[in-house]
>>> print(open('final-v7.pdb').read())   # PDB, C-alpha atoms
ATOM      1  CA  ASP A   1      26.244 106.880  60.947
ATOM      2  CA  GLN A   2      29.125 107.075  63.356
ATOM      3  CA  SER A   3      32.445 108.658  62.461
ATOM      4  CA  ASP A   4      35.509 106.611  61.573
ATOM      5  CA  ALA A   5      37.049 107.814  64.827
ATOM      6  CA  PHE A   6      34.173 106.270  66.807
ATOM      7  CA  PHE A   7      34.911 102.834  65.406
ATOM      8  CA  THR A   8      38.673 103.311  65.649
ATOM      9  CA  VAL A   9      38.322 103.952  69.374
ATOM     10  CA  TRP A  10      35.880 101.080  69.832
ATOM     11  CA  GLU A  11      37.936  98.534  67.866
ATOM     12  CA  VAL A  12      41.054  99.351  69.860
ATOM     13  CA  LEU A  13      39.260  99.106  73.189
ATOM     14  CA  LEU A  14      37.165  96.079  72.268
ATOM     15  CA  SER A  15      39.978  93.531  72.352
ATOM     16  CA  THR A  16      40.862  94.630  75.874
ATOM     17  CA  LEU A  17      37.305  95.007  77.144
ATOM     18  CA  GLN A  18      36.224  91.562  75.950
ATOM     19  CA  GLU A  19      38.881  89.892  78.080
ATOM     20  CA  ASP A  20      37.656  91.209  81.423
ATOM     21  CA  PRO A  21      34.606  90.159  83.474
ATOM     22  CA  THR A  22      32.946  93.590  83.500
ATOM     23  CA  PHE A  23      32.489  93.653  79.727
ATOM     24  CA  VAL A  24      28.967  94.389  78.547
ATOM     25  CA  ASP A  25      27.237  93.273  75.378
ATOM     26  CA  THR A  26      28.227  95.380  72.375
ATOM     27  CA  THR A  27      24.547  95.701  71.427
ATOM     28  CA  ILE A  28      24.283  98.538  73.947
ATOM     29  CA  LEU A  29      26.158 100.678  71.435
ATOM     30  CA  ALA A  30      22.969 100.770  69.386
ATOM     31  CA  SER A  31      21.346 102.833  72.132
ATOM     32  CA  PRO A  32      22.323 106.518  71.987
ATOM     33  CA  THR A  33      21.406 106.869  75.663
ATOM     34  CA  SER A  34      23.688 104.094  76.923
ATOM     35  CA  THR A  35      26.772 105.107  78.879
ATOM     36  CA  ALA A  36      29.055 103.182  76.514
ATOM     37  CA  HIS A  37      27.605 104.880  73.429
ATOM     38  CA  GLN A  38      27.748 108.374  74.921
ATOM     39  CA  THR A  39      31.283 107.821  76.177
ATOM     40  CA  LEU A  40      32.656 106.525  72.884
ATOM     41  CA  ASN A  41      30.802 109.185  70.931
ATOM     42  CA  TRP A  42      32.364 111.924  73.055
ATOM     43  CA  MET A  43      35.835 110.389  72.782
ATOM     44  CA  ALA A  44      35.578 110.166  69.003
ATOM     45  CA  ASN A  45      33.884 113.466  68.236
ATOM     46  CA  SER A  46      34.789 115.965  70.959
ATOM     47  CA  ASN A  47      37.969 117.132  69.210
ATOM     48  CA  HIS A  48      39.712 116.806  72.547
ATOM     49  CA  PRO A  49      43.392 117.624  71.832
ATOM     50  CA  ASP A  50      44.835 114.657  73.720
ATOM     51  CA  LEU A  51      42.403 112.106  72.292
ATOM     52  CA  THR A  52      42.707 113.438  68.750
ATOM     53  CA  SER A  53      46.474 113.111  68.965
ATOM     54  CA  MET A  54      46.392 109.569  70.383
ATOM     55  CA  ILE A  55      43.908 108.330  67.785
ATOM     56  CA  ALA A  56      45.806 109.932  64.904
ATOM     57  CA  GLU A  57      49.229 108.700  66.020
ATOM     58  CA  ASP A  58      48.611 105.111  67.099
ATOM     59  CA  ALA A  59      45.470 104.255  69.022
ATOM     60  CA  GLN A  60      46.663 100.723  69.791
ATOM     61  CA  ALA A  61      49.888 101.965  71.365
ATOM     62  CA  ASN A  62      47.859 104.328  73.547
ATOM     63  CA  VAL A  63      45.281 101.771  74.689
ATOM     64  CA  THR A  64      46.005 102.233  78.415
ATOM     65  CA  ARG A  65      45.436 105.973  78.223
ATOM     66  CA  LEU A  66      42.343 105.495  76.061
ATOM     67  CA  LEU A  67      40.945 103.106  78.667
ATOM     68  CA  GLU A  68      41.546 105.712  81.360
ATOM     69  CA  TYR A  69      39.625 108.311  79.380
ATOM     70  CA  TYR A  70      36.900 105.740  78.727
ATOM     71  CA  ALA A  71      36.604 104.962  82.449
ATOM     72  CA  VAL A  72      36.533 108.580  83.621
ATOM     73  CA  VAL A  73      34.155 109.800  80.911
ATOM     74  CA  SER A  74      31.883 106.836  81.751
ATOM     75  CA  ILE A  75      31.669 108.120  85.327
ATOM     76  CA  TYR A  76      30.404 111.448  83.997
ATOM     77  CA  TYR A  77      27.720 109.975  81.757
ATOM     78  CA  SER A  78      26.561 107.207  84.102
ATOM     79  CA  LEU A  79      26.104 109.657  87.005
ATOM     80  CA  ASP A  80      24.327 112.388  84.993
ATOM     81  CA  GLY A  81      27.334 114.699  84.936
ATOM     82  CA  ALA A  82      25.491 117.431  83.044
ATOM     83  CA  LYS A  83      23.560 118.168  86.261
ATOM     84  CA  TRP A  84      26.474 118.129  88.727
ATOM     85  CA  ASN A  85      26.854 121.276  90.815
ATOM     86  CA  ASP A  86      30.571 121.176  90.108
ATOM     87  CA  LYS A  87      31.637 119.354  86.960
ATOM     88  CA  MET A  88      35.247 119.336  88.214
ATOM     89  CA  GLY A  89      36.529 119.939  84.699
ATOM     90  CA  PHE A  90      35.097 116.694  83.328
ATOM     91  CA  LEU A  91      34.850 116.711  79.514
ATOM     92  CA  SER A  92      36.870 119.915  79.249
ATOM     93  CA  ASP A  93      39.677 120.303  76.704
ATOM     94  CA  ALA A  94      42.213 119.854  79.497
ATOM     95  CA  ASP A  95      44.078 116.592  79.950
ATOM     96  CA  VAL A  96      42.091 114.066  82.006
ATOM     97  CA  CYS A  97      44.712 114.520  84.735
ATOM     98  CA  ASP A  98      43.443 118.079  85.193
ATOM     99  CA  TRP A  99      39.800 117.130  85.617
ATOM    100  CA  HIS A 100      39.464 118.131  89.260
ATOM    101  CA  SER A 101      38.462 120.950  91.588
ATOM    102  CA  SER A 102      38.048 121.517  95.323
ATOM    103  CA  SER A 103      35.066 119.122  95.143
ATOM    104  CA  GLY A 104      37.221 116.232  93.972
ATOM    105  CA  GLY A 105      37.765 114.634  90.609
ATOM    106  CA  VAL A 106      40.816 112.983  89.088
ATOM    107  CA  THR A 107      44.435 112.989  90.231
ATOM    108  CA  CYS A 108      47.312 111.564  88.190
ATOM    109  CA  ASP A 109      50.891 110.503  88.710
ATOM    110  CA  ASN A 110      53.302 109.934  85.827
ATOM    111  CA  GLY A 111      50.467 110.497  83.384
ATOM    112  CA  HIS A 112      48.105 107.866  84.802
ATOM    113  CA  VAL A 113      44.958 108.204  86.911
ATOM    114  CA  VAL A 114      45.823 107.250  90.502
ATOM    115  CA  GLU A 115      42.916 108.798  92.406
ATOM    116  CA  VAL A 116      39.190 109.337  91.868
ATOM    117  CA  ALA A 117      37.242 111.325  94.475
ATOM    118  CA  LEU A 118      33.498 111.880  94.075
ATOM    119  CA  GLY A 119      31.274 113.665  96.544
ATOM    120  CA  ASP A 120      29.393 116.342  94.641
ATOM    121  CA  ARG A 121      25.692 116.764  95.271
ATOM    122  CA  TYR A 122      23.140 115.762  92.661
ATOM    123  CA  MET A 123      25.047 112.833  91.272
ATOM    124  CA  ARG A 124      22.459 110.312  90.251
ATOM    125  CA  GLY A 125      22.337 107.175  88.166
ATOM    126  CA  THR A 126      24.084 103.812  88.111
ATOM    127  CA  LEU A 127      27.872 103.831  88.230
ATOM    128  CA  ASP A 128      29.368 102.115  85.206
ATOM    129  CA  PRO A 129      31.857  99.254  85.816
ATOM    130  CA  ALA A 130      34.271 100.912  83.383
ATOM    131  CA  LEU A 131      35.809 102.372  86.543
ATOM    132  CA  TYR A 132      37.656  99.086  86.969
ATOM    133  CA  HIS A 133      39.764  99.863  83.899
ATOM    134  CA  LEU A 134      41.757 102.396  85.908
ATOM    135  CA  SER A 135      44.596  99.929  86.355
ATOM    136  CA  HIS A 136      46.844 102.459  88.123
ATOM    137  CA  LEU A 137      44.192 103.563  90.633
ATOM    138  CA  GLU A 138      45.550 103.879  94.177
ATOM    139  CA  LYS A 139      42.831 105.923  95.909
ATOM    140  CA  TRP A 140      39.070 105.753  95.395
ATOM    141  CA  SER A 141      36.668 107.755  97.541
ATOM    142  CA  MET A 142      32.924 108.364  97.270
ATOM    143  CA  ASP A 143      30.622 110.133  99.716
ATOM    144  CA  MET A 144      27.084 109.832  98.399
ATOM    145  CA  LYS A 145      25.233 111.397 101.339
ATOM    146  CA  TYR A 146      23.460 113.971  99.181
ATOM    147  CA  ASN A 147      23.070 111.966  95.998
ATOM    148  CA  TYR A 148      20.602 109.625  94.321
ATOM    149  CA  PHE A 149      22.822 106.768  93.444
ATOM    150  CA  ARG A 150      22.841 103.074  92.588
ATOM    151  CA  TRP A 151      25.663 100.646  91.973
ATOM    152  CA  PHE A 152      26.142  98.921  88.656
ATOM    153  CA  ARG A 153      24.777  95.427  88.039
ATOM    154  CA  GLY A 154      25.594  93.095  90.898
ATOM    155  CA  SER A 155      27.847  94.004  93.765
ATOM    156  CA  ILE A 156      30.267  96.895  93.670
ATOM    157  CA  PHE A 157      32.856  94.501  95.031
ATOM    158  CA  SER A 158      32.452  91.710  92.454
ATOM    159  CA  HIS A 159      35.468  92.762  90.394
ATOM    160  CA  ILE A 160      37.253  95.114  92.759
ATOM    161  CA  GLY A 161      40.273  92.810  92.674
ATOM    162  CA  MET A 162      41.013  94.278  89.228
ATOM    163  CA  LEU A 163      42.203  97.400  91.055
ATOM    164  CA  SER A 164      45.355  95.651  92.210
ATOM    165  CA  MET A 165      47.173  98.874  93.122
ATOM    166  CA  LEU A 166      44.390 100.269  95.317
ATOM    167  CA  SER A 167      45.733 101.358  98.715
ATOM    168  CA  GLU A 168      42.933 103.631  99.989
ATOM    169  CA  LEU A 169      39.210 102.931  99.662
ATOM    170  CA  THR A 170      36.505 105.196 101.095
ATOM    171  CA  LEU A 171      32.874 104.381 100.273
ATOM    172  CA  VAL A 172      30.537 106.135 102.711
ATOM    173  CA  HIS A 173      26.780 106.811 102.725
ATOM    174  CA  LEU A 174      26.249 104.361  99.881
ATOM    175  CA  ARG A 175      23.555 102.266 101.588
ATOM    176  CA  LEU A 176      25.528  99.081 100.984
ATOM    177  CA  ARG A 177      23.975  95.987 102.582
ATOM    178  CA  GLY A 178      24.804  92.382 103.388
ATOM    179  CA  ALA A 179      27.868  90.640 104.757
ATOM    180  CA  PHE A 180      31.290  92.228 104.796
ATOM    181  CA  PRO A 181      32.624  91.817 101.232
ATOM    182  CA  SER A 182      35.239  89.073 101.073
ATOM    183  CA  GLU A 183      36.411  90.416  97.694
ATOM    184  CA  LEU A 184      38.287  93.128  99.574
ATOM    185  CA  TYR A 185      40.838  90.522 100.640
ATOM    186  CA  GLN A 186      42.133  90.563  97.069
ATOM    187  CA  LEU A 187      43.393  94.120  97.584
ATOM    188  CA  THR A 188      46.814  93.246  98.923
ATOM    189  CA  GLN A 189      48.017  96.872  98.782
ATOM    190  CA  LEU A 190      45.108  98.243 100.846
ATOM    191  CA  THR A 191      46.177 100.294 103.883
ATOM    192  CA  HIS A 192      43.074 102.464 104.461
ATOM    193  CA  LEU A 193      39.444 101.313 104.410
ATOM    194  CA  ASP A 194      36.393 103.412 105.334
ATOM    195  CA  LEU A 195      32.925 101.929 104.808
ATOM    196  CA  ALA A 196      31.076 104.132 107.308
ATOM    197  CA  SER A 197      27.336 104.841 107.115
ATOM    198  CA  ASN A 198      26.473 101.674 105.236
ATOM    199  CA  GLY A 199      24.439  98.673 106.379
ATOM    200  CA  PHE A 200      26.744  95.681 106.567
ATOM    201  CA  ALA A 201      25.519  92.907 108.863
ATOM    202  CA  GLY A 202      27.167  90.162 110.888
ATOM    203  CA  ARG A 203      30.608  89.791 112.387
ATOM    204  CA  LEU A 204      33.816  90.822 110.744
ATOM    205  CA  PRO A 205      35.513  87.666 109.466
ATOM    206  CA  SER A 206      38.980  86.716 110.657
ATOM    207  CA  GLU A 207      40.257  87.072 107.092
ATOM    208  CA  ILE A 208      40.177  90.836 107.544
ATOM    209  CA  ALA A 209      43.630  90.421 109.064
ATOM    210  CA  ARG A 210      44.896  89.853 105.526
ATOM    211  CA  LEU A 211      44.452  93.554 104.881
ATOM    212  CA  THR A 212      47.533  95.548 105.754
TER     213      THR A 212
END
>>> encode(input="final-v7.pdb", output="structure tokens")
Amino acid sequence: DQSDAFFTVWEVLLSTLQEDPTFVDTTILASPTSTAHQTLNWMANSNHPDLTSMIAEDAQANVTRLLEYYAVVSIYYSLDGAKWNDKMGFLSDADVCDWHSSSGGVTCDNGHVVEVALGDRYMRGTLDPALYHLSHLEKWSMDMKYNYFRWFRGSIFSHIGMLSMLSELTLVHLRLRGAFPSELYQLTQLTHLDLASNGFAGRLPSEIARLT
């Protein structure tokens, strides 16, 4: 049986998660090895000071912050964080804004996650689409040269428009294939784009001029 806190966290997040296109079937919660289950279980039972306080005070009022924790913790579990060379403070008792090291991690501004940088060796797995719940994200960088990595279901770019504040995007050595992703045109704040060492084919479309 799960703790009351587990279901408190899930019920608060559920109403938000169900309204976006990356939502996955709730039946995955029945699997202890699923990223969603592991993430929610950690959030509910880790006794993390910040999470404990938010859940006890008013989980609904703190839904944005809870979603940020959910997204970042999902990165850890979906990419086999227990085996990272440098865990960058992930899952520590520190605030999520302090989950970083010289290898990368999370950076915040005004209490919200604005940057995620991942490049540690031995990341492996399938990145969870919960990343798209970082609604304040401005910078996202991943260098997967020395990792065993797959994207989540479908294209990485399918829902990237949800990151409406994204201004810098660096995705290198990810073995991406196909035509240049038109979904990037939705990122109206984008000023820096690096997709080096991938395998895109064809000509760059004229619409790329939409990017600032």
>>> resolve_selection(input="final-v7.pdb", expression="the PyMOL selection byres ((chain A and resi 178) around 7)", output="number ranges by chain")
A: 177, 179-180, 199-201
>>> resolve_selection(input="final-v7.pdb", expression="the PyMOL selection byres ((chain A and resi 42-59) around 12)", output="count of residues only")
46
>>> residues_around(input="final-v7.pdb", residues="Lys83 in chain A", least_positions_apart="4", cutoff="10 Å", atoms="all atoms listed in the file", output="PyMOL selection string")
chain A and resi 76+79+87+121-124
>>> resolve_selection(input="final-v7.pdb", expression="the PyMOL selection byres ((chain A and resi 115) around 10)", output="ChimeraX atom specification")
/A:97,104-109,112-114,116-117,134,136-141,166,168
>>> write_last_selection(input="final-v7.pdb", atoms="C-alpha atoms", output="PDB file, in the coordinates of the input")
ATOM      1  CA  CYS A  97      44.712 114.520  84.735  1.00  0.00           C
ATOM      2  CA  GLY A 104      37.221 116.232  93.972  1.00  0.00           C
ATOM      3  CA  GLY A 105      37.765 114.634  90.609  1.00  0.00           C
ATOM      4  CA  VAL A 106      40.816 112.983  89.088  1.00  0.00           C
ATOM      5  CA  THR A 107      44.435 112.989  90.231  1.00  0.00           C
ATOM      6  CA  CYS A 108      47.312 111.564  88.190  1.00  0.00           C
ATOM      7  CA  ASP A 109      50.891 110.503  88.710  1.00  0.00           C
ATOM      8  CA  HIS A 112      48.105 107.866  84.802  1.00  0.00           C
ATOM      9  CA  VAL A 113      44.958 108.204  86.911  1.00  0.00           C
ATOM     10  CA  VAL A 114      45.823 107.250  90.502  1.00  0.00           C
ATOM     11  CA  VAL A 116      39.190 109.337  91.868  1.00  0.00           C
ATOM     12  CA  ALA A 117      37.242 111.325  94.475  1.00  0.00           C
ATOM     13  CA  LEU A 134      41.757 102.396  85.908  1.00  0.00           C
ATOM     14  CA  HIS A 136      46.844 102.459  88.123  1.00  0.00           C
ATOM     15  CA  LEU A 137      44.192 103.563  90.633  1.00  0.00           C
ATOM     16  CA  GLU A 138      45.550 103.879  94.177  1.00  0.00           C
ATOM     17  CA  LYS A 139      42.831 105.923  95.909  1.00  0.00           C
ATOM     18  CA  TRP A 140      39.070 105.753  95.395  1.00  0.00           C
ATOM     19  CA  SER A 141      36.668 107.755  97.541  1.00  0.00           C
ATOM     20  CA  LEU A 166      44.390 100.269  95.317  1.00  0.00           C
ATOM     21  CA  GLU A 168      42.933 103.631  99.989  1.00  0.00           C
TER      22      GLU A 168
END
>>> closest_residue(input="final-v7.pdb", among="A:Ser206, A:Thr170, A:Ser164, A:Ser135", to="Asp194 in chain A", atoms="all atoms listed in the file")
A:Thr170
>>> atom_distance(input="final-v7.pdb", atom1="CA of Leu195 in chain A", atom2="CA of Ile208 in chain A")
13.5 Å
>>> atom_distance(input="final-v7.pdb", atom1="CA of Leu118 in chain A", atom2="CA of Ser158 in chain A")
20.3 Å
>>> atom_distance(input="final-v7.pdb", atom1="CA of Ser34 in chain A", atom2="CA of Val172 in chain A")
26.8 Å
>>> closest_residue(input="final-v7.pdb", among="A:Glu207, A:Asp128, A:Asp98, A:Asp143", to="Arg175 in chain A", atoms="all atoms listed in the file")
A:Asp143
>>> residues_around(input="final-v7.pdb", residues="Glu183 in chain A", least_positions_apart="5", cutoff="8 Å", atoms="only C-alpha atoms", output="list in words")
Phe157, Ser158, His159, Ile160 and Gly161 of chain A
>>> write_last_selection(input="final-v7.pdb", atoms="C-alpha atoms", output="mmCIF file, keeping the file's coordinate frame")
data_model
loop_
_atom_site.group_PDB
_atom_site.id
_atom_site.type_symbol
_atom_site.label_atom_id
_atom_site.label_comp_id
_atom_site.auth_asym_id
_atom_site.auth_seq_id
_atom_site.Cartn_x
_atom_site.Cartn_y
_atom_site.Cartn_z
ATOM 1 C CA PHE A 157 32.856 94.501 95.031
ATOM 2 C CA SER A 158 32.452 91.710 92.454
ATOM 3 C CA HIS A 159 35.468 92.762 90.394
ATOM 4 C CA ILE A 160 37.253 95.114 92.759
ATOM 5 C CA GLY A 161 40.273 92.810 92.674
#
>>> closest_residue(input="final-v7.pdb", among="A:Gln189, A:Ser102, A:Asn198, A:Ser78", to="Leu127 in chain A", atoms="all atoms listed in the file")
A:Ser78
>>> closest_residue(input="final-v7.pdb", among="A:Leu163, A:Asn147, A:Leu184, A:Leu176", to="Gly119 in chain A", atoms="only C-alpha atoms")
A:Asn147
>>> closest_residue(input="final-v7.pdb", among="A:Leu174, A:Gly81, A:Ser167, A:Pro181", to="Leu193 in chain A", atoms="all atoms listed in the file")
A:Ser167
>>> closest_residue(input="final-v7.pdb", among="A:Thr33, A:His100, A:Tyr146, A:Met162", to="Asp80 in chain A", atoms="all atoms listed in the file")
A:Thr33
